[in-house]
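Report on one structure; see the data block that follows.
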Amino acid sequence: MIPVQYRDPETDEVLDRKYEEEVPGIGQRVMLDGVWECEVLYRWQCHPSSCVVYVRPARRKDTVAA
């Protein structure tokens with residue numbers, strides 16, 4: 001299990017911390033606090049002991065299709 005910090009890319013605020021089986025991929029959707037669906041923008045400082053992942057709120061699929 002890898003400790004992952006999910007952060008806001010504009011404020012660098014830590015939004016959530018979790019232990020994950022693997023580091024989330026760029027573009028992958030993740031649930032934070034079991035409430036917010038977010039999309040991974042990029043990863044920073046990834047190594048076997050921890051990783052920082054920057055996310056933004058996921059867009060609704062019908063909005064993206066339009």
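Within each chain, counting starts at residue 1; across the structure tokens, chains are named A, B, ... in the order shown, with ligands numbered 1 upward in that order.
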DSSP helix (DSSP H, G or I) residues within chain A, listed as a list in words: Lys61, Asp62, Thr63, Val64 and Ala65 of chain A
Exercise: Glu21 of chain A partners within 10 Å, only C-alpha atoms, chain neighbours under 6 positions left out, as an MDAnalysis selection string: chainID A and resid 1:4
Keeping only C-alpha atoms, write those residues as a PDB file, in the first residue's frame.
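Listing of out.pdb after writing:
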ATOM      1  CA  MET A   1       0.000   0.000   0.000  1.00  0.00           C
ATOM      2  CA  ILE A   2       1.256   3.454  -0.981  1.00  0.00           C
ATOM      3  CA  PRO A   3       0.293   6.575   0.996  1.00  0.00           C
ATOM      4  CA  VAL A   4      -1.164   9.110  -1.435  1.00  0.00           C
TER       5      VAL A   4
END
All strand (DSSP E or B) positions in chain A, as a PyMOL selection string: chain A and resi 2-7+14-20+29-32+36-47+50-57
Take the residues just selected and output them with C-alpha atoms as a short mmCIF file (atom, residue, chain, number, x, y, z; two decimals), in the first residue's frame.
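result00.cif was written with the following content:
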data_model
loop_
_atom_site.label_atom_id
_atom_site.label_comp_id
_atom_site.auth_asym_id
_atom_site.auth_seq_id
_atom_site.Cartn_x
_atom_site.Cartn_y
_atom_site.Cartn_z
CA ILE A 2 1.26 3.45 -0.98
CA PRO A 3 0.29 6.57 1.00
CA VAL A 4 -1.16 9.11 -1.43
CA GLN A 5 -1.93 12.78 -0.75
CA TYR A 6 -4.55 14.35 -3.00
CA ARG A 7 -4.05 18.12 -3.41
CA VAL A 14 -4.38 18.64 0.99
CA LEU A 15 -7.89 17.44 0.10
CA ASP A 16 -7.55 13.83 1.24
CA ARG A 17 -5.03 11.18 2.25
CA LYS A 18 -5.42 7.49 1.44
CA TYR A 19 -3.50 4.27 1.13
CA GLU A 20 -3.78 2.94 -2.42
CA ARG A 29 -11.23 9.45 -11.65
CA VAL A 30 -10.96 9.02 -7.89
CA MET A 31 -13.37 9.51 -4.99
CA LEU A 32 -12.19 11.80 -2.19
CA TRP A 36 -16.18 14.20 -4.41
CA GLU A 37 -15.36 12.62 -7.71
CA CYS A 38 -12.11 14.11 -8.96
CA GLU A 39 -9.86 13.67 -11.97
CA VAL A 40 -6.10 13.23 -11.60
CA LEU A 41 -4.23 16.08 -13.34
CA TYR A 42 -0.64 15.12 -12.54
CA ARG A 43 1.55 13.41 -9.97
CA TRP A 44 4.45 14.89 -8.06
CA GLN A 45 7.17 13.37 -5.88
CA CYS A 46 6.14 9.79 -6.58
CA HIS A 47 8.34 7.12 -5.10
CA SER A 50 4.58 8.03 -0.95
CA CYS A 51 3.08 10.14 -3.71
CA VAL A 52 1.45 13.56 -4.12
CA VAL A 53 -1.38 13.67 -6.67
CA TYR A 54 -3.03 16.88 -7.91
CA VAL A 55 -6.72 16.64 -8.79
CA ARG A 56 -9.63 18.78 -9.97
CA PRO A 57 -13.36 18.14 -9.64
#
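You will find atom CA of Thr11 of chain A at 20.0 Å from atom CA of Val35 of chain A.
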